[in-house]
Amino acid sequence: MCEDCADFARTVALLADLALYSDRLDCDDAFITTVAPALAASLPEPPPDNGPDYPGGW
């Protein structure tokens with residue numbers, strides 16, 4: 001896996017774990033409020049999609 005792909009996957013996994021943690025009854029709301037935007041801001045550009053180009057620029 002390329003370095004950018006691994007970084008993207010790791011950050012998405014951390015966001016998913018944080019989402020699961022936020023559903024717990026004993027979660028720390030201040031932690032979630034602080035960490036979620038920081039993780040989202042650190043999310044790199046998605047890995048390039050090597051799929052076909054679609055007409056109309058999709």
# chains A, B, ... in the order shown; residues from 1 in each chain; ligands from 1
$ residues_around --residues "A:Cys27" --least-positions-apart "6" --cutoff "10 Å" --atoms "only C-alpha atoms" --output "mmCIF file with C-alpha atoms, in the first residue's frame"
data_model
loop_
_atom_site.group_PDB
_atom_site.id
_atom_site.type_symbol
_atom_site.label_atom_id
_atom_site.label_comp_id
_atom_site.auth_asym_id
_atom_site.auth_seq_id
_atom_site.Cartn_x
_atom_site.Cartn_y
_atom_site.Cartn_z
ATOM 1 C CA LEU A 18 -14.027 7.764 17.442
ATOM 2 C CA LEU A 20 -17.962 4.077 17.819
ATOM 3 C CA TYR A 21 -16.579 5.563 21.045
#
$ residues_around --residues "A:Leu43" --least-positions-apart "5" --cutoff "10 Å" --atoms "only C-alpha atoms" --output "ChimeraX atom specification"
/A:7-12,15,37-38
$ atom_distance --atom1 "atom CA of A:Arg24" --atom2 "atom CA of A:Leu39"
19.2 Å
$ atom_distance --atom1 "atom CA of A:Thr33" --atom2 "atom CA of A:Asp17"
14.2 Å
